[in-house]
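Novice: Okay, so here is upload37.txt, and as you'll see once you scroll down, it has compact mmCIF, C-alpha atoms.
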```txt
# COMPACT_ATOMS: atom_id res chain seq x y z
CA ILE A 1 -79.12 -23.60 -24.51
CA VAL A 2 -78.72 -20.44 -26.66
CA SER A 3 -78.08 -17.21 -24.76
CA GLU A 4 -76.58 -13.80 -25.39
CA ARG A 5 -73.56 -14.74 -23.28
CA HIS A 6 -72.68 -17.94 -25.10
CA GLN A 7 -72.18 -19.03 -28.68
CA VAL A 8 -73.18 -22.58 -29.55
CA VAL A 9 -70.73 -24.28 -31.92
CA VAL A 10 -71.90 -27.55 -33.47
CA THR A 11 -69.20 -29.60 -35.19
CA THR A 12 -69.97 -32.34 -37.69
CA PRO A 13 -67.74 -34.40 -40.05
CA THR A 14 -68.76 -33.27 -43.55
CA VAL A 15 -70.10 -30.29 -45.46
CA ARG A 16 -73.16 -32.35 -46.39
CA LEU A 17 -73.92 -32.84 -42.70
CA VAL A 18 -73.28 -29.13 -42.02
CA GLN A 19 -75.93 -28.28 -44.59
CA GLN A 20 -78.30 -30.93 -43.26
CA LEU A 21 -78.03 -29.64 -39.69
CA LEU A 22 -78.23 -26.02 -40.85
CA ALA A 23 -81.54 -26.71 -42.61
CA THR A 24 -82.88 -28.45 -39.50
CA PHE A 25 -81.91 -25.61 -37.16
CA GLU A 26 -83.25 -22.93 -39.50
CA THR A 27 -86.77 -24.39 -39.23
CA SER A 28 -86.69 -23.71 -35.49
CA GLY A 29 -86.11 -19.98 -35.97
CA LEU A 30 -82.61 -19.97 -34.46
CA ASN A 31 -80.04 -17.38 -35.50
CA VAL A 32 -77.81 -19.97 -37.15
CA GLY A 33 -74.83 -19.83 -39.48
CA ALA A 34 -72.32 -22.22 -41.03
CA TYR A 35 -68.55 -22.40 -41.06
CA TYR A 36 -66.62 -24.42 -43.64
CA THR A 37 -64.39 -23.87 -46.67
CA ASP A 38 -66.91 -21.88 -48.74
CA ARG A 39 -68.78 -20.12 -45.93
CA LYS A 40 -67.46 -18.33 -42.86
CA ASP A 41 -70.27 -17.23 -40.54
CA THR A 42 -68.85 -16.39 -37.11
CA ALA A 43 -71.26 -14.00 -35.39
CA HIS A 44 -74.43 -16.11 -35.20
CA ASP A 45 -75.84 -17.49 -31.95
CA VAL A 46 -75.43 -21.00 -33.34
CA VAL A 47 -72.73 -21.94 -35.86
CA VAL A 48 -72.58 -25.35 -37.52
CA CYS A 49 -68.95 -26.06 -38.33
CA CYS A 50 -67.30 -28.74 -40.45
CA ASN A 51 -64.76 -30.75 -38.45
CA ALA A 52 -61.97 -29.91 -40.89
CA SER A 53 -62.51 -26.16 -40.31
CA ALA A 54 -63.24 -26.23 -36.59
CA ALA A 55 -59.71 -25.49 -35.41
CA SER A 56 -59.67 -22.18 -37.32
CA PHE A 57 -63.05 -20.97 -36.00
CA LYS A 58 -62.76 -17.87 -33.77
CA PRO A 59 -65.73 -17.66 -31.39
CA ARG A 60 -67.25 -14.33 -30.41
CA GLY A 61 -67.27 -15.29 -26.71
CA PRO A 62 -67.69 -18.26 -24.35
CA VAL A 63 -68.56 -21.41 -26.29
CA ILE A 64 -70.95 -24.28 -25.69
CA TRP A 65 -69.71 -27.09 -27.94
CA ILE A 66 -71.94 -29.82 -29.37
CA ALA A 67 -70.02 -32.55 -31.21
CA ASP A 68 -72.17 -34.39 -33.73
CA GLU A 69 -70.84 -37.88 -34.53
CA ALA A 70 -68.76 -37.66 -31.36
CA HIS A 71 -66.93 -40.90 -32.11
CA ARG A 72 -64.91 -38.78 -34.57
CA THR A 73 -63.47 -36.58 -31.82
CA GLU A 74 -60.39 -38.76 -31.33
CA ALA A 75 -59.01 -37.22 -34.53
CA ALA A 76 -56.11 -34.82 -33.95
CA GLY A 77 -57.93 -31.96 -35.68
CA LEU A 78 -60.94 -32.22 -33.37
CA LYS A 79 -58.74 -32.35 -30.27
CA LEU A 80 -57.02 -29.20 -31.50
CA ALA A 81 -60.41 -27.59 -32.11
CA ALA A 82 -61.58 -28.55 -28.63
CA ALA A 83 -58.53 -26.86 -27.15
CA SER A 84 -58.95 -23.67 -29.19
CA LEU A 85 -62.70 -23.40 -28.55
CA ALA A 86 -62.13 -23.93 -24.81
CA PRO A 87 -65.85 -24.63 -24.26
CA VAL A 88 -67.49 -23.87 -20.94
CA ALA A 89 -69.66 -26.93 -21.57
CA ALA A 90 -69.50 -29.73 -24.14
CA LEU A 91 -71.95 -32.35 -25.31
CA GLY A 92 -71.15 -35.23 -27.67
CA VAL A 93 -73.85 -37.14 -29.53
CA THR A 94 -73.37 -40.34 -31.50
CA ALA A 95 -75.17 -43.50 -32.51
CA THR A 96 -71.89 -45.44 -32.23
CA PRO A 97 -70.37 -44.55 -28.84
CA PHE A 98 -67.36 -46.80 -29.24
CA ARG A 99 -64.10 -46.96 -31.15
CA ALA A 100 -63.13 -49.45 -33.82
CA LEU A 101 -60.52 -50.99 -31.53
CA THR A 102 -61.31 -52.05 -27.99
CA GLU A 103 -58.12 -50.48 -26.61
CA GLU A 104 -59.11 -47.03 -27.91
CA THR A 105 -61.26 -44.57 -25.98
CA LEU A 106 -63.24 -41.38 -26.45
CA SER A 107 -60.85 -39.31 -24.39
CA LEU A 108 -62.72 -35.98 -24.57
CA TRP A 109 -65.79 -37.43 -22.87
CA ASP A 110 -66.12 -38.92 -19.42
CA VAL A 111 -69.82 -38.97 -18.49
CA VAL A 112 -72.78 -40.58 -20.27
CA LEU A 113 -75.68 -38.21 -19.67
CA TYR A 114 -78.31 -40.05 -21.67
CA SER A 115 -78.50 -43.32 -23.49
CA TYR A 116 -81.15 -44.18 -26.06
CA GLY A 117 -80.73 -47.75 -27.19
CA PRO A 118 -82.12 -49.68 -30.16
CA ASP A 119 -84.82 -51.26 -28.00
CA ASP A 120 -86.00 -47.75 -27.08
CA ALA A 121 -85.95 -46.72 -30.75
CA LEU A 122 -87.99 -49.77 -31.72
CA ARG A 123 -90.52 -49.07 -28.98
CA ASP A 124 -90.88 -45.45 -30.11
CA GLY A 125 -91.09 -46.30 -33.81
CA VAL A 126 -87.84 -44.55 -34.69
CA ILE A 127 -86.42 -47.70 -36.29
CA VAL A 128 -88.01 -50.83 -37.71
CA PRO A 129 -87.24 -54.52 -37.18
CA TRP A 130 -85.06 -56.15 -39.77
CA ARG A 131 -84.41 -59.52 -41.29
CA ARG A 132 -80.99 -60.72 -42.29
CA VAL A 133 -80.70 -62.69 -45.54
CA ALA A 134 -77.65 -64.96 -45.78
CA TRP A 135 -76.19 -66.53 -48.90
CA GLU A 136 -77.23 -70.17 -49.00
CA GLY A 137 -76.14 -71.21 -52.48
CA LYS A 138 -72.86 -72.71 -53.62
CA ARG A 139 -69.72 -70.73 -52.98
CA VAL A 140 -69.46 -67.86 -55.47
CA HIS A 141 -67.83 -64.45 -55.69
CA VAL A 142 -69.55 -61.87 -53.47
CA ASP A 143 -70.52 -59.81 -56.54
CA VAL A 144 -72.43 -62.76 -57.96
CA ALA A 145 -74.09 -63.48 -54.62
CA ILE A 146 -75.22 -59.86 -54.19
CA ARG A 147 -76.59 -59.72 -57.73
CA GLU A 148 -78.67 -62.85 -57.16
CA MET A 149 -79.79 -61.82 -53.68
CA ILE A 150 -81.07 -58.39 -54.69
CA ALA A 151 -82.84 -59.63 -57.83
CA SER A 152 -86.06 -60.08 -55.85
CA SER A 153 -85.57 -57.05 -53.59
CA ASP A 154 -88.50 -54.73 -52.98
CA GLY A 155 -88.18 -50.97 -52.84
CA PRO A 156 -85.09 -48.73 -52.92
CA GLY A 157 -81.78 -49.99 -51.54
CA ILE A 158 -78.06 -49.31 -51.33
CA ILE A 159 -74.96 -51.41 -52.02
CA ASN A 160 -71.54 -50.52 -50.67
CA ALA A 161 -68.30 -50.47 -52.64
CA SER A 162 -64.62 -50.06 -51.73
CA THR A 163 -63.49 -47.38 -54.19
CA MET A 164 -64.95 -45.10 -56.84
CA ASP A 165 -63.68 -47.38 -59.61
CA ASP A 166 -65.09 -50.40 -57.81
CA ALA A 167 -68.47 -48.69 -57.52
CA GLU A 168 -68.56 -47.70 -61.19
CA VAL A 169 -67.52 -51.15 -62.41
CA TYR A 170 -70.04 -52.99 -60.25
CA ALA A 171 -72.84 -50.57 -61.11
CA ALA A 172 -72.10 -51.10 -64.80
CA SER A 173 -72.28 -54.88 -64.35
CA LEU A 174 -75.65 -54.56 -62.59
CA ARG A 175 -77.00 -52.35 -65.36
CA ASP A 176 -75.80 -54.87 -67.94
CA SER A 177 -77.84 -57.51 -66.14
CA GLY A 178 -80.96 -55.32 -66.29
CA PHE A 179 -80.84 -53.93 -62.75
CA PRO A 180 -81.12 -50.09 -62.89
CA VAL A 181 -78.60 -48.48 -60.53
CA ALA A 182 -76.47 -45.36 -60.19
CA THR A 183 -73.38 -44.53 -58.16
CA VAL A 184 -72.84 -42.03 -55.36
CA HIS A 185 -69.29 -41.15 -54.29
CA SER A 186 -66.97 -38.20 -53.75
CA GLY A 187 -66.14 -38.01 -57.46
CA ILE A 188 -69.70 -36.84 -58.13
CA ASN A 189 -70.71 -33.30 -57.18
CA ALA A 190 -73.26 -32.72 -54.41
CA GLU A 191 -75.98 -31.58 -56.81
CA ASP A 192 -75.74 -34.77 -58.87
CA GLN A 193 -75.59 -36.88 -55.72
CA ASP A 194 -78.85 -35.33 -54.50
CA ALA A 195 -80.43 -35.83 -57.92
CA ARG A 196 -79.50 -39.52 -57.88
CA ILE A 197 -80.91 -40.00 -54.40
CA LYS A 198 -84.18 -38.39 -55.56
CA ALA A 199 -84.20 -40.65 -58.62
CA LEU A 200 -83.75 -43.67 -56.35
CA LEU A 201 -86.72 -42.66 -54.22
CA SER A 202 -88.87 -41.96 -57.27
CA GLY A 203 -88.24 -45.47 -58.62
CA GLU A 204 -85.98 -44.54 -61.54
CA TYR A 205 -83.22 -46.57 -59.89
CA ARG A 206 -83.59 -49.64 -57.73
CA ALA A 207 -80.35 -49.06 -55.86
CA LEU A 208 -77.34 -46.80 -55.41
CA VAL A 209 -73.82 -48.20 -55.28
CA HIS A 210 -71.95 -45.94 -52.87
CA VAL A 211 -68.52 -45.39 -51.32
CA ASN A 212 -68.80 -44.12 -47.73
CA MET A 213 -71.37 -41.54 -48.81
CA LEU A 214 -74.56 -43.09 -47.49
CA SER A 215 -73.44 -44.19 -44.07
CA GLU A 216 -72.59 -41.66 -41.37
CA GLY A 217 -75.36 -39.18 -40.64
CA VAL A 218 -77.15 -39.46 -43.98
CA ASP A 219 -80.90 -39.81 -43.51
CA ILE A 220 -82.82 -41.74 -46.18
CA PRO A 221 -85.51 -43.53 -44.15
CA GLU A 222 -87.29 -44.71 -47.30
CA LEU A 223 -84.59 -47.34 -47.88
CA ARG A 224 -86.04 -50.84 -47.72
CA TRP A 225 -82.79 -52.82 -47.93
CA ILE A 226 -79.03 -52.66 -47.87
CA ALA A 227 -76.52 -55.07 -49.39
CA LEU A 228 -73.28 -55.57 -47.44
CA ARG A 229 -70.97 -56.18 -50.37
CA ARG A 230 -67.81 -54.67 -48.91
CA ALA A 231 -66.07 -56.66 -46.17
CA VAL A 232 -65.73 -53.81 -43.68
CA ASN A 233 -63.32 -54.24 -40.78
CA SER A 234 -64.64 -51.43 -38.57
CA ARG A 235 -67.47 -52.09 -36.13
CA VAL A 236 -68.32 -48.38 -36.24
CA ARG A 237 -68.65 -48.47 -40.03
CA PHE A 238 -70.69 -51.67 -39.89
CA VAL A 239 -73.20 -50.28 -37.38
CA GLN A 240 -73.57 -47.07 -39.39
CA GLU A 241 -74.11 -49.06 -42.57
CA VAL A 242 -76.83 -51.18 -41.00
CA GLY A 243 -78.38 -48.08 -39.49
CA ARG A 244 -79.17 -46.66 -42.95
CA GLY A 245 -81.74 -49.38 -43.45
CA LEU A 246 -83.39 -49.38 -40.04
CA ARG A 247 -84.85 -45.88 -39.96
CA ALA A 248 -88.62 -45.83 -39.89
CA ALA A 249 -90.76 -44.46 -42.73
CA PRO A 250 -94.49 -44.55 -43.50
CA GLY A 251 -95.54 -48.04 -44.59
CA LYS A 252 -92.14 -49.55 -43.79
CA ARG A 253 -92.64 -52.70 -41.69
CA TYR A 254 -89.05 -53.95 -41.65
CA ALA A 255 -85.70 -53.63 -43.39
CA THR A 256 -83.79 -56.33 -45.20
CA ILE A 257 -80.05 -56.80 -44.74
CA TYR A 258 -78.36 -58.85 -47.46
CA ASP A 259 -75.30 -60.29 -45.72
CA PRO A 260 -73.50 -62.81 -47.96
CA GLN A 261 -70.25 -62.56 -45.97
CA ASP A 262 -71.86 -63.08 -42.55
CA LEU A 263 -70.65 -59.75 -41.21
CA CYS A 264 -73.28 -59.81 -38.47
CA SER A 265 -71.52 -62.79 -36.94
CA LYS A 266 -68.10 -61.24 -37.50
CA PHE A 267 -69.00 -58.27 -35.34
CA LYS A 268 -70.80 -60.43 -32.78
CA MET A 269 -73.90 -58.34 -33.06
CA SER A 270 -76.93 -60.40 -32.14
CA TYR A 271 -79.58 -57.88 -33.04
CA ALA A 272 -82.52 -60.21 -32.50
CA ALA A 273 -81.50 -60.55 -28.86
CA SER A 274 -80.42 -56.96 -28.22
CA LEU A 275 -83.35 -55.32 -29.94
CA GLY A 276 -85.94 -57.51 -28.29
CA TRP A 277 -87.94 -58.55 -31.32
CA THR A 278 -88.58 -61.62 -33.40
CA GLU A 279 -87.88 -61.76 -37.11
CA PRO A 280 -90.86 -60.39 -39.07
CA ASP A 281 -92.86 -62.43 -41.52
CA PRO A 282 -92.32 -60.78 -44.93
CA ASP A 283 -95.83 -61.84 -45.91
```
Is it possible to express this structure as structure tokens?
Specialist:
Amino acid sequence: IVSERHQVVVTTPTVRLVQQLLATFETSGLNVGAYYTDRKDTAHDVVVCCNASAASFKPRGPVIWIADEAHRTEAAGLKLAAASLAPVAALGVTATPFRALTEETLSLWDVVLYSYGPDDALRDGVIVPWRRVAWEGKRVHVDVAIREMIASSDGPGIINASTMDDAEVYAASLRDSGFPVATVHSGINAEDQDARIKALLSGEYRALVHVNMLSEGVDIPELRWIALRRAVNSRVRFVQEVGRGLRAAPGKRYATIYDPQDLCSKFKMSYAASLGWTEPDPD
């Protein structure tokens, strides 16, 4: 797709994802640069651009646009960027090709060129089967239910929170109960976030309590479980959250989804039927 006549511009929602894609492209030997607040490469054959900066990017010539996380392209800033880039060709890629509300559309896209569903991913070993664990005890606060459900969890996991303060308070309560955790959110710099993720994978922590940081695009296939503590209202957010736990890794037979609020039913997502598998035996 790269040629002397065209510049490939890849847009993605966050600086973290810019850096993740940049590292991936660099291994292929492409002439690749990045464009965001702290870096302004404009002359490379391929430029990975943060969504927030895309409208100000000035291409060197005709553009081929690739929109990562294309479900984000309904935002006004991305529509403005699409107009200013005036691509000769555009490709959107997303694992959640739908909007949060049924009456909304992805107006910049009109043709589905290729679809790779969860059944395909299971067949190819890209994702693993999963088992949903519901809360079956007496009615308690969700924080209590999560704490009891994850007590016997195996391997590294993540727990979602609503705000930074919420994450810090709940993480402190888990530590007080003897469950080693750390937080990951936008109030923590990228270096410390990466260090905490490494500490999770090394076994220093059993879980990370996060706020929208370990959902869209973030790749931690070693995760063995997720705990759906926050009552999300967006189907997009829910699917992305579940997707963190499903990615395949060596020795990973299945993922566990702790779902005390029955969010799977709320979003009418019958994974057992749609993925074409039966619930695995944890033994």
Novice: How close does each residue of range 59-176 of chain A get to range 225-238 of chain A, giving the shortest atom pair and distance in Å to one decimal for every residue with an atom at most 12 Å away, counting only C-alpha atoms, sorted by chain and residue number, as a tab-separated table?
Specialist:
```
residue	atom	partner	partner_atom	distance
A:Glu69	CA	A:Val236	CA	10.9
A:Ala70	CA	A:Val236	CA	11.8
A:His71	CA	A:Val236	CA	8.7
A:Arg72	CA	A:Val236	CA	10.3
A:Thr94	CA	A:Val236	CA	10.6
A:Ala95	CA	A:Val236	CA	9.2
A:Thr96	CA	A:Val236	CA	6.1
A:Pro97	CA	A:Val236	CA	8.6
A:Phe98	CA	A:Val236	CA	7.2
A:Arg99	CA	A:Val236	CA	6.8
A:Ala100	CA	A:Ser234	CA	5.4
A:Leu101	CA	A:Ser234	CA	8.2
A:Thr102	CA	A:Arg235	CA	10.2
A:Val128	CA	A:Trp225	CA	11.6
A:Pro129	CA	A:Trp225	CA	11.8
A:Trp130	CA	A:Trp225	CA	9.1
A:Arg131	CA	A:Trp225	CA	9.6
A:Arg132	CA	A:Trp225	CA	9.9
A:Val133	CA	A:Ala227	CA	9.5
A:Ala134	CA	A:Leu228	CA	10.5
A:Trp135	CA	A:Leu228	CA	11.4
A:His141	CA	A:Arg229	CA	10.3
A:Val142	CA	A:Arg229	CA	6.6
A:Asp143	CA	A:Arg229	CA	7.2
A:Val144	CA	A:Arg229	CA	10.2
A:Ala145	CA	A:Arg229	CA	9.0
A:Ile146	CA	A:Arg229	CA	6.8
A:Arg147	CA	A:Ala227	CA	9.5
A:Glu148	CA	A:Ala227	CA	11.2
A:Met149	CA	A:Ala227	CA	8.6
A:Ile150	CA	A:Ala227	CA	7.7
A:Ala151	CA	A:Ala227	CA	11.5
A:Ser152	CA	A:Trp225	CA	11.2
A:Ser153	CA	A:Trp225	CA	7.6
A:Asp154	CA	A:Trp225	CA	7.9
A:Gly155	CA	A:Trp225	CA	7.5
A:Pro156	CA	A:Trp225	CA	6.8
A:Gly157	CA	A:Trp225	CA	4.7
A:Ile158	CA	A:Ile226	CA	4.9
A:Ile159	CA	A:Ala227	CA	4.8
A:Asn160	CA	A:Arg229	CA	5.7
A:Ala161	CA	A:Arg230	CA	5.6
A:Ser162	CA	A:Arg230	CA	6.3
A:Thr163	CA	A:Arg230	CA	10.0
A:Asp166	CA	A:Arg230	CA	10.2
A:Ala167	CA	A:Arg230	CA	10.5
A:Tyr170	CA	A:Arg229	CA	10.4
```
Novice: Output the selection as a compact mmCIF listing (two decimals), in the coordinates of the input - C-alpha atoms for each residue.
Specialist:
```
# COMPACT_ATOMS: atom_id res chain seq x y z
CA GLU A 69 -70.84 -37.88 -34.53
CA ALA A 70 -68.76 -37.66 -31.36
CA HIS A 71 -66.93 -40.90 -32.11
CA ARG A 72 -64.91 -38.78 -34.57
CA THR A 94 -73.37 -40.34 -31.50
CA ALA A 95 -75.17 -43.50 -32.51
CA THR A 96 -71.89 -45.44 -32.23
CA PRO A 97 -70.37 -44.55 -28.84
CA PHE A 98 -67.36 -46.80 -29.24
CA ARG A 99 -64.10 -46.96 -31.15
CA ALA A 100 -63.13 -49.45 -33.82
CA LEU A 101 -60.52 -50.99 -31.53
CA THR A 102 -61.31 -52.05 -27.99
CA VAL A 128 -88.01 -50.83 -37.71
CA PRO A 129 -87.24 -54.52 -37.18
CA TRP A 130 -85.06 -56.15 -39.77
CA ARG A 131 -84.41 -59.52 -41.29
CA ARG A 132 -80.99 -60.72 -42.29
CA VAL A 133 -80.70 -62.69 -45.54
CA ALA A 134 -77.65 -64.96 -45.78
CA TRP A 135 -76.19 -66.53 -48.90
CA HIS A 141 -67.83 -64.45 -55.69
CA VAL A 142 -69.55 -61.87 -53.47
CA ASP A 143 -70.52 -59.81 -56.54
CA VAL A 144 -72.43 -62.76 -57.96
CA ALA A 145 -74.09 -63.48 -54.62
CA ILE A 146 -75.22 -59.86 -54.19
CA ARG A 147 -76.59 -59.72 -57.73
CA GLU A 148 -78.67 -62.85 -57.16
CA MET A 149 -79.79 -61.82 -53.68
CA ILE A 150 -81.07 -58.39 -54.69
CA ALA A 151 -82.84 -59.63 -57.83
CA SER A 152 -86.06 -60.08 -55.85
CA SER A 153 -85.57 -57.05 -53.59
CA ASP A 154 -88.50 -54.73 -52.98
CA GLY A 155 -88.18 -50.97 -52.84
CA PRO A 156 -85.09 -48.73 -52.92
CA GLY A 157 -81.78 -49.99 -51.54
CA ILE A 158 -78.06 -49.31 -51.33
CA ILE A 159 -74.96 -51.41 -52.02
CA ASN A 160 -71.54 -50.52 -50.67
CA ALA A 161 -68.30 -50.47 -52.64
CA SER A 162 -64.62 -50.06 -51.73
CA THR A 163 -63.49 -47.38 -54.19
CA ASP A 166 -65.09 -50.40 -57.81
CA ALA A 167 -68.47 -48.69 -57.52
CA TYR A 170 -70.04 -52.99 -60.25
```
Novice: Select, from A:Gly33, A:Gly178, A:Pro221, A:Pro13, the residue with the minimum atom-to-atom distance to Arg253 in chain A, counting all atoms listed in the file.
Specialist: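 So, comparing all the options, the nearest one is A:Pro221.
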Novice: Could you check which of A:Ser28, A:Asn51, A:Gln193, A:Ser177 is closest to Val9 in chain A, using only C-alpha atoms?
Specialist: A:Asn51
Novice: What's the 7 Å shell around range 63-65 of chain A, counting only C-alpha atoms, without same-chain residues fewer than 2 positions away, as a ChimeraX atom specification?
Specialist: /A:6-10,59,61,67,85,87-91
Novice: Would you save the residues from that selection as a PDB file, keeping the file's coordinate frame, using C-alpha atoms?
Specialist:
```
ATOM      1  CA  HIS A   6     -72.680 -17.940 -25.100  1.00  0.00           C
ATOM      2  CA  GLN A   7     -72.180 -19.030 -28.680  1.00  0.00           C
ATOM      3  CA  VAL A   8     -73.180 -22.580 -29.550  1.00  0.00           C
ATOM      4  CA  VAL A   9     -70.730 -24.280 -31.920  1.00  0.00           C
ATOM      5  CA  VAL A  10     -71.900 -27.550 -33.470  1.00  0.00           C
ATOM      6  CA  PRO A  59     -65.730 -17.660 -31.390  1.00  0.00           C
ATOM      7  CA  GLY A  61     -67.270 -15.290 -26.710  1.00  0.00           C
ATOM      8  CA  ALA A  67     -70.020 -32.550 -31.210  1.00  0.00           C
ATOM      9  CA  LEU A  85     -62.700 -23.400 -28.550  1.00  0.00           C
ATOM     10  CA  PRO A  87     -65.850 -24.630 -24.260  1.00  0.00           C
ATOM     11  CA  VAL A  88     -67.490 -23.870 -20.940  1.00  0.00           C
ATOM     12  CA  ALA A  89     -69.660 -26.930 -21.570  1.00  0.00           C
ATOM     13  CA  ALA A  90     -69.500 -29.730 -24.140  1.00  0.00           C
ATOM     14  CA  LEU A  91     -71.950 -32.350 -25.310  1.00  0.00           C
TER      15      LEU A  91
END
```
Novice: Report as a PyMOL selection string all protein, DNA and RNA residues lying within 12 Å of range 38-45 of chain A, evaluated on only C-alpha atoms, omitting residues in the same chain fewer than 2 positions from it.
Specialist: chain A and resi 1-10+15+18-19+22+25-26+29-36+47-50+53-54+56-64
Novice: Between A:Gly243, A:Gly137, A:Gly92, A:Val181, which has the minimum distance to Asp110 in chain A (counting all atoms listed in the file)?
Specialist: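 Among A:Gly243, A:Gly137, A:Gly92, A:Val181, it is A:Gly92 that comes nearest to Asp110 in chain A.
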Novice: If we count all atoms listed in the file, what is near Val184 in chain A at a cut-off of 8 Å, once residues fewer than 5 positions away on the same chain are taken out, given as a list in words?
Specialist: Gln193, Arg196, Leu208, Val209, His210, Val211 and Met213 of chain A
Novice: If I take CA of Glu241 in chain A and CA of Thr24 in chain A, how far is one from the other in Å, to one decimal?
Specialist: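 CA of Glu241 in chain A sits 22.6 Å away from CA of Thr24 in chain A.
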Novice: Suppose you want the space between CA of Glu222 in chain A and CA of Ala249 in chain A; what is it in Å?
Specialist: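 Going from CA of Glu222 in chain A over to CA of Ala249 in chain A covers 5.7 Å.
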Novice: Model the absent atoms of range 234-240 of chain A so that all heavy atoms are present, and write the result as a PDB file, in the coordinates of the input.
Specialist:
```pdb
ATOM      1  N   SER A 234     -64.351 -52.322 -39.686  1.00  0.00           N
ATOM      2  CA  SER A 234     -64.640 -51.430 -38.570  1.00  0.00           C
ATOM      3  C   SER A 234     -66.051 -51.683 -38.043  1.00  0.00           C
ATOM      4  O   SER A 234     -67.026 -51.647 -38.800  1.00  0.00           O
ATOM      5  CB  SER A 234     -64.509 -49.975 -39.018  1.00  0.00           C
ATOM      6  OG  SER A 234     -65.124 -49.105 -38.096  1.00  0.00           O
ATOM      7  N   ARG A 235     -66.147 -51.912 -36.738  1.00  0.00           N
ATOM      8  CA  ARG A 235     -67.470 -52.090 -36.130  1.00  0.00           C
ATOM      9  C   ARG A 235     -68.283 -50.811 -36.258  1.00  0.00           C
ATOM     10  O   ARG A 235     -69.492 -50.850 -36.480  1.00  0.00           O
ATOM     11  CB  ARG A 235     -67.297 -52.469 -34.657  1.00  0.00           C
ATOM     12  CG  ARG A 235     -68.630 -52.723 -33.944  1.00  0.00           C
ATOM     13  CD  ARG A 235     -68.408 -52.972 -32.469  1.00  0.00           C
ATOM     14  NE  ARG A 235     -69.679 -53.114 -31.780  1.00  0.00           N
ATOM     15  CZ  ARG A 235     -69.879 -52.838 -30.501  1.00  0.00           C
ATOM     16  NH1 ARG A 235     -68.880 -52.391 -29.770  1.00  0.00           N
ATOM     17  NH2 ARG A 235     -71.058 -52.994 -29.941  1.00  0.00           N
ATOM     18  N   VAL A 236     -67.622 -49.656 -36.097  1.00  0.00           N
ATOM     19  CA  VAL A 236     -68.320 -48.380 -36.240  1.00  0.00           C
ATOM     20  C   VAL A 236     -68.954 -48.282 -37.619  1.00  0.00           C
ATOM     21  O   VAL A 236     -70.141 -47.951 -37.772  1.00  0.00           O
ATOM     22  CB  VAL A 236     -67.354 -47.202 -36.004  1.00  0.00           C
ATOM     23  CG1 VAL A 236     -68.025 -45.875 -36.364  1.00  0.00           C
ATOM     24  CG2 VAL A 236     -66.883 -47.172 -34.557  1.00  0.00           C
ATOM     25  N   ARG A 237     -68.154 -48.557 -38.659  1.00  0.00           N
ATOM     26  CA  ARG A 237     -68.650 -48.470 -40.030  1.00  0.00           C
ATOM     27  C   ARG A 237     -69.784 -49.457 -40.265  1.00  0.00           C
ATOM     28  O   ARG A 237     -70.783 -49.149 -40.921  1.00  0.00           O
ATOM     29  CB  ARG A 237     -67.502 -48.726 -41.004  1.00  0.00           C
ATOM     30  CG  ARG A 237     -67.906 -48.673 -42.473  1.00  0.00           C
ATOM     31  CD  ARG A 237     -68.383 -47.299 -42.859  1.00  0.00           C
ATOM     32  NE  ARG A 237     -67.331 -46.306 -42.734  1.00  0.00           N
ATOM     33  CZ  ARG A 237     -67.525 -44.994 -42.840  1.00  0.00           C
ATOM     34  NH1 ARG A 237     -68.743 -44.525 -43.048  1.00  0.00           N
ATOM     35  NH2 ARG A 237     -66.514 -44.150 -42.711  1.00  0.00           N
ATOM     36  N   PHE A 238     -69.656 -50.655 -39.721  1.00  0.00           N
ATOM     37  CA  PHE A 238     -70.690 -51.670 -39.890  1.00  0.00           C
ATOM     38  C   PHE A 238     -72.017 -51.225 -39.282  1.00  0.00           C
ATOM     39  O   PHE A 238     -73.065 -51.322 -39.916  1.00  0.00           O
ATOM     40  CB  PHE A 238     -70.230 -52.983 -39.258  1.00  0.00           C
ATOM     41  CG  PHE A 238     -71.294 -54.045 -39.229  1.00  0.00           C
ATOM     42  CD1 PHE A 238     -71.649 -54.723 -40.380  1.00  0.00           C
ATOM     43  CD2 PHE A 238     -71.954 -54.349 -38.046  1.00  0.00           C
ATOM     44  CE1 PHE A 238     -72.644 -55.698 -40.358  1.00  0.00           C
ATOM     45  CE2 PHE A 238     -72.945 -55.316 -38.012  1.00  0.00           C
ATOM     46  CZ  PHE A 238     -73.289 -55.988 -39.167  1.00  0.00           C
ATOM     47  N   VAL A 239     -71.966 -50.709 -38.049  1.00  0.00           N
ATOM     48  CA  VAL A 239     -73.200 -50.280 -37.380  1.00  0.00           C
ATOM     49  C   VAL A 239     -73.842 -49.123 -38.142  1.00  0.00           C
ATOM     50  O   VAL A 239     -75.068 -49.073 -38.318  1.00  0.00           O
ATOM     51  CB  VAL A 239     -72.902 -49.878 -35.922  1.00  0.00           C
ATOM     52  CG1 VAL A 239     -74.121 -49.233 -35.279  1.00  0.00           C
ATOM     53  CG2 VAL A 239     -72.477 -51.105 -35.126  1.00  0.00           C
ATOM     54  N   GLN A 240     -73.028 -48.191 -38.619  1.00  0.00           N
ATOM     55  CA  GLN A 240     -73.570 -47.070 -39.390  1.00  0.00           C
ATOM     56  C   GLN A 240     -74.210 -47.558 -40.685  1.00  0.00           C
ATOM     57  O   GLN A 240     -75.268 -47.058 -41.099  1.00  0.00           O
ATOM     58  CB  GLN A 240     -72.466 -46.063 -39.682  1.00  0.00           C
ATOM     59  CG  GLN A 240     -71.994 -45.310 -38.452  1.00  0.00           C
ATOM     60  CD  GLN A 240     -70.754 -44.495 -38.707  1.00  0.00           C
ATOM     61  OE1 GLN A 240     -70.036 -44.723 -39.673  1.00  0.00           O
ATOM     62  NE2 GLN A 240     -70.492 -43.534 -37.847  1.00  0.00           N
TER      63      GLN A 240
END
```
